Each structure stands twice: as structure tokens, then as C-alpha cells.
Amino acid sequence: MAESPDRGARRLPGGKPKYSIFSLLRNARSYHQNWQRAWRSPEPKKSYDAIIIGGGGHGLATAYYLAAVHRMTNIAVVEKGWLGGGNTGRNTTIIRSNYMWDESAAIYDHALKLWEGLTQDLNFNLMFSQRGVLTIAHSWHELREMSRRVHAIRLNGIDSDVLNPDQIKKLVPMINIDPSIRYPVMGGFLQRRGGTARHDAVAWGYARAADDLGVDIIQNCEVTGLRRKGNRIEGVETTKGFIKAPKVGCVVAGHCSVLGAMADVRLPIASRPLQALVSEPIKPELDTVIMSNAVHMYISQSDKGEMVLGAGVDKYNSYAQRGSFPVPEHMIAAAVEIFPILSRLRMLRHWGGIVDTCPDASPIISKTDVKGLYFNCGWGTGGFKATPGSGHVFADLIAHDRPNKIAAPYALDRFQTGLLIDEHGAAGVAH
Amino acid sequence: MLLIDCPHCGPRDETEFSCGGEAHIARPLAENSITDAEFAEYLFWRDNPKGVFLERWCHDAGCRRWFNAARDTVSHAFLEIYPMGSLPKTDAGKAAYAGSWRRKTASEAAAKPSSAKGGKA
Ligand SMILES: Cc1cc2nc3c(=O)[nH]c(=O)nc-3n(C[C@H](O)[C@H](O)[C@H](O)COP(=O)(O)OP(=O)(O)OC[C@H]3O[C@@H](n4cnc5c(N)ncnc54)[C@H](O)[C@@H]3O)c2cc1C
Ligand SMILES: [Zn+2]
């Protein structure tokens, strides 16, 4: 695929002490009581060159690349709760780039290339693990469609292999390949470069590196209004007062329609709960990520040993960060048949996040009718994997007020021109 | 699990229903005279409020009939259930109807038979 991305300033040029084996040893001597703060907690200034609303992974990555690549350091991230407390800290962390359409391949593989090396860029252990992502098929139709998709993906230079049930059994011994079950495993496709990363670490790593470059990260500060003068953005009203800025980027996932309404920006988004759950920890058993689109199930084992399971999206709009119980119940019913050992596990925690679903299951990275106001949303059920790529191209859009080649197809006007990027039809589910 | 009061069958589990999304989106009758941007309002743009939302539901696994509802998207409480083709009657429902940006759109204006007559269709 395309040339490698401009990663910008690397490894904390701002002078923050680095994390390393030596700092670990040094801090062990004082019983880890004297670690430096990872980022400051400044009061907001009266004005900035740009404000990013939303301190999730995408917002923090945007701020970091604005500072590291575009040298815009007089900027702030405004977050209503705590960093990563939205979908960033609630997702099942699956990373892959095996999407069908060219536009999707471009942005998700851009992100994957940034993931590869991000721990070094940020000097923060993201526990990025390319353990492979296997998507399984349960019918002939799904299997044929999958092979067609694998060819399209390969044409974009992205690794992808079709596996038969025996190969799957070898890769994942705990899977049940008995053809008589309700959702028989008839084959699958594997992206070996896919995997997982530690979600909180992504938010914290970007926050620490952005802070090192001078970005103000302001938590517990909710944006309550977008102030515009005619057709221009002037700044944001917050619970800590008005903050002026000629450029404002909204990266608030499930709340994008709420922010949009503050500036009369209309979006095609529906906000829905997406749920996940984790089991008690067990010994290492599963070293691949497995997804099933037909069941709306995805499973991996965390480094702590928990089985992490995600379900499908709820069927009605909601801003309550909990879901409807029948949704995970349906997923669990199929999961215990496909992975019988799960039936003995106790589930420890279960939660929901509000995802911003878009009609074509592709994101919106766009200017708006209000000059200086930008939106990055619509990632729905599958934006964690895109975090670095999304932040990278969104920073470029904000810095230059024009989208680059990767971001351009994701503009809002696609809902007028009809140039949709329909990953719903192509990928079924987009985690 | 929500208990939804089907106007025809009484209270039933949410698993018997499907949600049809935003209610009161009228198809523009003057298709040929409105712009692509205005048609997109009808086709793709959606109200997505945090609070009272007017939406359509279908009792799929029961009487298979559609109805409208005013539901709070934070508490999930159903504030009002009212028939297809009618408008909400509670204060909360009326306020949600009047307050929606869709009331001011060109696509909705073009859905009114009077403007269709005026259109160049
Ligand atoms: C259960 C679940 C499983 C998922 N699994 C996967 C997966 O396996 N792989 C994958 O790629 N994706 C997955 N996703 C999707 C992924 O989590 C999201 O697409 C991604 O994390 C979005 O990141 P973000 O930074 O845009 O949003 P968020 O992390 O939600 O950040 C938005 C922030 O904006 C803040 N905010 C909102 N309103 C305001 C306001 N008015 N003022 C200030 N701040 C505000 C919020 O507090 C929040 O912190 C999953 C999501 C869920 C819920
Ligand atoms: Zn009924």
C-alpha cells in the first residue's frame, strides 16, 4: 500500500522523563512512590489555536498528531469525564485492517501501520499484540462471500488467508468444529497482522506524549455549547467557562449528535449501546482473536487471563451506558456451543458503551458548514482499531482545513452524492 | 429487559418487538424539485436526541402491527404510545415533536401536499 505515515516527533522531545528498564529500577528503590505525573491538570487558558472535544483515544491521538506532526502546540483537549472513560475504555480492543472497500483499506491499514511502532513513538507500553484475528463463517454463503472479500483485501496489499475447519482447530484447540451445532464452523479467514492492544494505555500514552509537547488536557470539563459567529466557530462554552478557539474538532463518539445540535450540524448517526463482558481469569488458552459476524460474537483472552467477549449492538437508540440483556444472552448461547469450555466460566463484569452508528458503517471525518468546526465520528462498533489513523488524518484536516487523500472519502457530503462506503454489506459487523 | 405496552396486545417483552427508528419522517413529494442535499435529509439525516425521542415500533412476534412511541433515551421510559399516522398528545411528546430540527427542513416542507402541487414535478 501507500508510503509509510509521517509519525512526527518521536519519544517525548518535550523533556518528560522516559519510561525504561532503568527508570523502573530507579523507582523501585523508592518503592514506586516518586513516579512523575503522566500529564498535568491545567486550568483552561482563555483561548487556544485549536480545541479538541473528547478525551477518548481518537481525540487524544488527534491532539498528539497536531502537536507532533503539525507543530500546533497551543491546543487543548476538553473531556467531560476522565480520559478513556468512553468507548475507548469499554471496547474489546480488536485491531485489524481487513476491510473490503479501497477507502476502508486505506484508512484502517494506515492505522495498523501506525500501531506497529506506536509503543516506541509514545514511549508507553501499549501491549500491542499481533496475535491474529480470525473471522469464522457458519454457512456456505458466508464462506463464499468471505473468499470474495479475501481477494479484494489482498488486492489492496493487506494480508488475509482463508482457513478450513481443520486448520482452524489446529490454531484454536478450544473450538468445537462439530458440523451439527447451531452455528457450525465451516471455515474462516485470518489476518495475522491483526490483534489487540491495551485500551487504557492507548488513551494514557497519547495523553502523556501530547502533554509532553505542551498540549493542555482538561478533564472533568463538559462542553455545553458551541459558540458561533455567523458561519464561523468562535469557541466552546464549558462547565469551566468559555474558551475561545478558531478551530474546534468534535470527537465525542456516541454524543456527536448532541454536540452537532449545539451548532446546527446534522448527522446521520444513531447512538446505540454495544455490550461486552469478561470472565474470571484462567490459564492461557486462546492466543488468537475470533469473531463471528453471524452470531455477533468476538472473543479474545486478555493478558490477565480473562476471556473478553463482545456482543452485537442493541436495537434501539440509547444514551444509557448499559445494554439490553437479551443481546449478550443470545451471543453467549452461541459462544458456549462453539467454545464448550466457556460454559464453566463465571462472568465477572458486564458493561455497555454508546456507539455512534452510521448508515454505511463507515466513519465521518469532515468539515462542516460552520467554518473551523470539524467532526470525527460514526466509528460505531469498530473504531478502536482505527485510533492512530483516525487521529493522524483528522489532525491533518484540522491543521490544513482540507482533507488528505485518506480522509477525503469520509466527508459528510457522501450522504448527498451517494458515494457511500458500505461496509455493512461488505463486513457484516465491524468490530 | 423492557416491558413494552403494545396498544393491541398489552405488555410484552422487548424481544417480541423491533424498533423502526425515528418517527414522522415524511417522504418529500416534490422529489424532482428538491436538491440532493434536501433529499439526504429525508434519506439519511436522523434525529438522535439525548432525552425524549419519537420513534416507531413494530410488534414483530405478536400482532405485527406498527405504532409510535415517545421514549426517553436516557431512562428508556416509554412516555406515550400512540397510533401510526397521529401526533403525540402528552406535553413531553408534543415538545419533542415541535422541537425537532426536522420540522424546519426543506424535505419536510416538500412532503406537504400543498408544496407538492407548487413543485415542478
Ligand atoms: C463494548 C464495545 C466493544 C467494542 N469493540 C471494539 C473492537 O473490538 N475493536 C474496535 O476497533 N472497536 C471496538 N469498539 C468501538 C470503539 O470502542 C470506538 O469506536 C472507539 O473507541 C471510539 O473512540 P473515541 O475516542 O472516538 O470515543 P470515546 O472513547 O467514547 O471518547 C469520546 C469522549 O468524548 C467525551 N465527551 C462526550 N461528550 C462530551 C462533551 N459534551 N464535552 C466534553 N467531552 C465529551 C466522552 O466523555 C468520551 O470520553 C467497541 C465499542 C464498545 C462499546
Ligand atoms: Zn401487538
# chains A, B, ... in the order shown; residues from 1 in each chain; ligands from 1
$ residues_near_ligand --ligand "ligand 2" --cutoff "8 Å" --atoms "only C-alpha atoms and all ligand atoms" --output "MDAnalysis selection string"
chainID B and resid 6:10 58:65
$ residues_near_ligand --ligand "ligand 1" --cutoff "7 Å" --atoms "only C-alpha atoms and all ligand atoms" --output "JSON, numbers by chain"
{"A": [53, 54, 55, 56, 57, 58, 59, 78, 79, 80, 81, 82, 83, 84, 85, 86, 87, 88, 89, 90, 91, 92, 93, 94, 95, 221, 222, 223, 224, 251, 252, 253, 254, 255, 259, 273, 274, 275, 276, 310, 352, 353, 354, 355, 377, 379, 380, 381, 382, 383, 384, 385, 386, 387, 431]}
$ interface_residues --of "chain B" --to "chain A" --cutoff "8 Å" --atoms "only C-alpha atoms" --output "PyMOL selection string"
chain B and resi 1-2+15+18-19+21+36-37+39-40+44-50+73-76
$ write_last_selection --atoms "C-alpha atoms" --output "CSV table (one decimal), in the first residue's frame"
chain,number,residue,atom,x,y,z
B,1,MET,CA,-35.4,-6.1,29.5
B,2,LEU,CA,-38.1,-3.6,28.6
B,15,THR,CA,-37.6,-9.3,22.4
B,18,SER,CA,-38.4,-4.4,16.6
B,19,CYS,CA,-37.6,-0.7,16.6
B,21,GLY,CA,-36.2,4.4,14.4
B,36,ASP,CA,-29.9,16.2,-3.4
B,37,ALA,CA,-29.0,17.8,0.0
B,39,PHE,CA,-33.4,14.6,-0.2
B,40,ALA,CA,-30.5,13.5,2.0
B,44,PHE,CA,-30.0,9.7,5.9
B,45,TRP,CA,-30.2,12.6,8.4
B,46,ARG,CA,-31.6,11.4,11.7
B,47,ASP,CA,-32.7,12.9,14.9
B,48,ASN,CA,-30.7,11.3,17.7
B,49,PRO,CA,-31.7,13.2,20.9
B,50,LYS,CA,-30.5,12.5,24.4
B,73,THR,CA,-33.3,7.6,25.5
B,74,VAL,CA,-31.6,8.0,28.9
B,75,SER,CA,-34.1,6.3,31.3
B,76,HIS,CA,-35.7,4.1,28.5
$ atom_distance --atom1 "atom CA of Glu329 of chain A" --atom2 "atom CA of Arg344 of chain A"
15.4 Å
$ closest_residue --among "A:Ile52, A:Ile175, A:Leu342, A:Val313" --to "Tyr65 of chain A" --atoms "only C-alpha atoms"
A:Ile52
$ residues_around --residues "Ala197 of chain A" --least-positions-apart "2" --cutoff "12 Å" --atoms "only C-alpha atoms" --output "PyMOL selection string"
chain A and resi 88-89+91-96+112+115-116+118-119+124-131+194-195+199-203+205+289+300-303+384-387
$ write_last_selection --atoms "N, CA, C and O atoms" --output "compact mmCIF listing (two decimals), in the first residue's frame"
# COMPACT_ATOMS: atom_id res chain seq x y z
N THR A 88 -13.41 4.17 24.41
CA THR A 88 -12.01 3.76 24.41
C THR A 88 -11.74 2.77 25.54
O THR A 88 -11.06 1.76 25.35
N GLY A 89 -12.29 3.05 26.73
CA GLY A 89 -12.06 2.17 27.86
C GLY A 89 -13.08 1.06 27.99
O GLY A 89 -13.08 0.32 28.97
N ASN A 91 -14.07 -0.95 25.12
CA ASN A 91 -14.14 -1.80 23.93
C ASN A 91 -13.33 -3.08 24.10
O ASN A 91 -12.58 -3.25 25.06
N THR A 92 -13.50 -4.01 23.16
CA THR A 92 -12.85 -5.31 23.25
C THR A 92 -11.52 -5.34 22.50
O THR A 92 -10.97 -6.40 22.27
N THR A 93 -11.05 -4.19 22.08
CA THR A 93 -9.68 -3.92 21.59
C THR A 93 -9.23 -4.72 20.36
O THR A 93 -8.03 -4.92 20.18
N ILE A 94 -10.15 -5.13 19.54
CA ILE A 94 -9.73 -5.87 18.35
C ILE A 94 -9.18 -4.90 17.31
O ILE A 94 -9.79 -3.88 17.01
N ILE A 95 -8.02 -5.25 16.77
CA ILE A 95 -7.36 -4.42 15.75
C ILE A 95 -7.17 -5.27 14.50
O ILE A 95 -6.67 -6.40 14.58
N ARG A 96 -7.60 -4.74 13.38
CA ARG A 96 -7.42 -5.43 12.10
C ARG A 96 -7.59 -4.40 11.00
O ARG A 96 -8.06 -3.29 11.26
N LEU A 112 -3.12 0.62 11.11
CA LEU A 112 -2.35 -0.56 11.53
C LEU A 112 -0.85 -0.29 11.42
O LEU A 112 -0.06 -0.69 12.27
N TRP A 115 0.04 1.64 14.39
CA TRP A 115 0.08 0.76 15.58
C TRP A 115 1.44 0.09 15.68
O TRP A 115 2.01 -0.04 16.77
N GLU A 116 1.94 -0.39 14.52
CA GLU A 116 3.23 -1.08 14.51
C GLU A 116 4.31 -0.01 14.77
O GLU A 116 4.64 0.75 13.89
N LEU A 118 3.96 2.14 17.55
CA LEU A 118 3.36 3.20 18.37
C LEU A 118 3.89 3.19 19.80
O LEU A 118 4.09 4.24 20.41
N THR A 119 4.13 2.00 20.34
CA THR A 119 4.69 1.90 21.68
C THR A 119 6.00 2.69 21.76
O THR A 119 6.25 3.42 22.72
N PHE A 124 5.37 4.36 25.60
CA PHE A 124 4.35 3.85 26.52
C PHE A 124 3.98 2.46 26.05
O PHE A 124 3.67 2.27 24.87
N ASN A 125 4.03 1.48 26.94
CA ASN A 125 3.76 0.10 26.53
C ASN A 125 2.27 -0.09 26.27
O ASN A 125 1.47 -0.13 27.19
N LEU A 126 1.91 -0.19 24.99
CA LEU A 126 0.51 -0.32 24.62
C LEU A 126 0.07 -1.79 24.60
O LEU A 126 -1.07 -2.09 24.30
N MET A 127 0.99 -2.68 24.93
CA MET A 127 0.72 -4.11 24.93
C MET A 127 0.06 -4.53 23.60
O MET A 127 -0.87 -5.34 23.57
N PHE A 128 0.58 -3.93 22.53
CA PHE A 128 0.08 -4.24 21.18
C PHE A 128 0.54 -5.64 20.82
O PHE A 128 1.72 -5.94 20.86
N SER A 129 -0.40 -6.51 20.52
CA SER A 129 -0.08 -7.91 20.30
C SER A 129 -0.68 -8.39 18.99
O SER A 129 -1.91 -8.50 18.87
N GLN A 130 0.16 -8.64 18.01
CA GLN A 130 -0.33 -9.09 16.69
C GLN A 130 -0.53 -10.60 16.70
O GLN A 130 0.23 -11.35 16.10
N ARG A 131 -1.56 -11.01 17.42
CA ARG A 131 -1.80 -12.43 17.63
C ARG A 131 -2.70 -13.03 16.55
O ARG A 131 -3.00 -14.20 16.59
N GLY A 194 -3.33 -8.68 12.49
CA GLY A 194 -4.32 -8.15 13.42
C GLY A 194 -4.01 -8.60 14.84
O GLY A 194 -3.12 -9.42 15.07
N GLY A 195 -4.77 -8.07 15.80
CA GLY A 195 -4.55 -8.47 17.19
C GLY A 195 -5.28 -7.58 18.16
O GLY A 195 -6.42 -7.16 17.90
N HIS A 199 -6.47 -1.03 25.91
CA HIS A 199 -7.22 0.18 25.58
C HIS A 199 -6.85 1.41 26.42
O HIS A 199 -6.61 2.48 25.88
N ASP A 200 -6.78 1.26 27.76
CA ASP A 200 -6.46 2.43 28.60
C ASP A 200 -5.10 2.99 28.24
O ASP A 200 -4.89 4.20 28.21
N ALA A 201 -4.17 2.08 27.96
CA ALA A 201 -2.80 2.52 27.68
C ALA A 201 -2.76 3.40 26.43
O ALA A 201 -1.93 4.31 26.34
N VAL A 202 -3.67 3.15 25.50
CA VAL A 202 -3.69 3.96 24.27
C VAL A 202 -4.07 5.40 24.63
O VAL A 202 -3.41 6.36 24.21
N ALA A 203 -5.11 5.56 25.46
CA ALA A 203 -5.51 6.90 25.89
C ALA A 203 -4.38 7.53 26.70
O ALA A 203 -3.99 8.68 26.47
N GLY A 205 -1.16 6.79 26.88
CA GLY A 205 0.09 7.00 26.12
C GLY A 205 0.00 8.25 25.25
O GLY A 205 0.93 9.08 25.22
N VAL A 289 -7.57 -13.85 18.19
CA VAL A 289 -8.87 -13.20 18.37
C VAL A 289 -9.84 -13.89 17.42
O VAL A 289 -9.50 -14.14 16.26
N SER A 300 -11.52 -12.90 22.84
CA SER A 300 -10.07 -13.00 22.95
C SER A 300 -9.76 -13.21 24.42
O SER A 300 -10.63 -13.08 25.28
N GLN A 301 -8.50 -13.58 24.71
CA GLN A 301 -8.12 -13.73 26.11
C GLN A 301 -7.15 -12.60 26.46
O GLN A 301 -6.17 -12.37 25.76
N SER A 302 -7.45 -11.91 27.54
CA SER A 302 -6.58 -10.79 27.93
C SER A 302 -5.31 -11.32 28.57
O SER A 302 -5.23 -12.49 28.95
N ASP A 303 -4.32 -10.45 28.71
CA ASP A 303 -3.06 -10.87 29.32
C ASP A 303 -3.26 -11.29 30.78
O ASP A 303 -2.47 -12.04 31.33
N PHE A 384 -11.90 1.42 17.58
CA PHE A 384 -10.67 1.37 18.38
C PHE A 384 -9.46 1.09 17.50
O PHE A 384 -8.42 1.72 17.62
N LYS A 385 -9.62 0.12 16.61
CA LYS A 385 -8.53 -0.27 15.73
C LYS A 385 -7.99 0.89 14.90
O LYS A 385 -6.86 0.90 14.48
N ALA A 386 -8.87 1.89 14.68
CA ALA A 386 -8.50 2.99 13.79
C ALA A 386 -7.87 4.14 14.56
O ALA A 386 -7.43 5.11 13.93
N THR A 387 -7.82 4.04 15.89
CA THR A 387 -7.44 5.19 16.72
C THR A 387 -6.25 6.00 16.16
O THR A 387 -6.38 7.20 15.94
$ closest_residue --among "B:Leu54, B:Leu43, B:Ile81, B:Ala92" --to "Pro28 of chain B" --atoms "only C-alpha atoms"
B:Leu43
$ closest_residue --among "A:Gly260, A:Pro173, A:Gly157, A:Pro403" --to "Tyr99 of chain A" --atoms "only C-alpha atoms"
A:Gly157
$ atom_distance --atom1 "atom CA of Met72 of chain A" --atom2 "atom CA of Ala399 of chain A"
7.9 Å
$ select_by_dssp --residues "chain B" --states "strand (DSSP E)" --output "ChimeraX atom specification"
/B:3-6,10-13,18-22,52-58,66-72,78-82
$ closest_residue --among "A:Ile332, A:Ile181, A:Ala67, A:Ala9" --to "Asp396 of chain A" --atoms "only C-alpha atoms"
A:Ala67
$ residues_around --residues "segment 15-29 of chain A" --least-positions-apart "5" --cutoff "7 Å" --atoms "only C-alpha atoms" --output "PyMOL selection string"
chain A and resi 34-35+123+212
$ residues_around --residues "Asp5 of chain B" --least-positions-apart "6" --cutoff "10 Å" --atoms "only C-alpha atoms" --output "number ranges by chain"
B: 11-14, 59, 78, 80-81
$ select_by_dssp --residues "segment 94-291 of chain A" --states "helix (DSSP H, G or I)" --output "PyMOL selection string"
chain A and resi 102-115+118-122+140-155+165-171+199-212+253-262
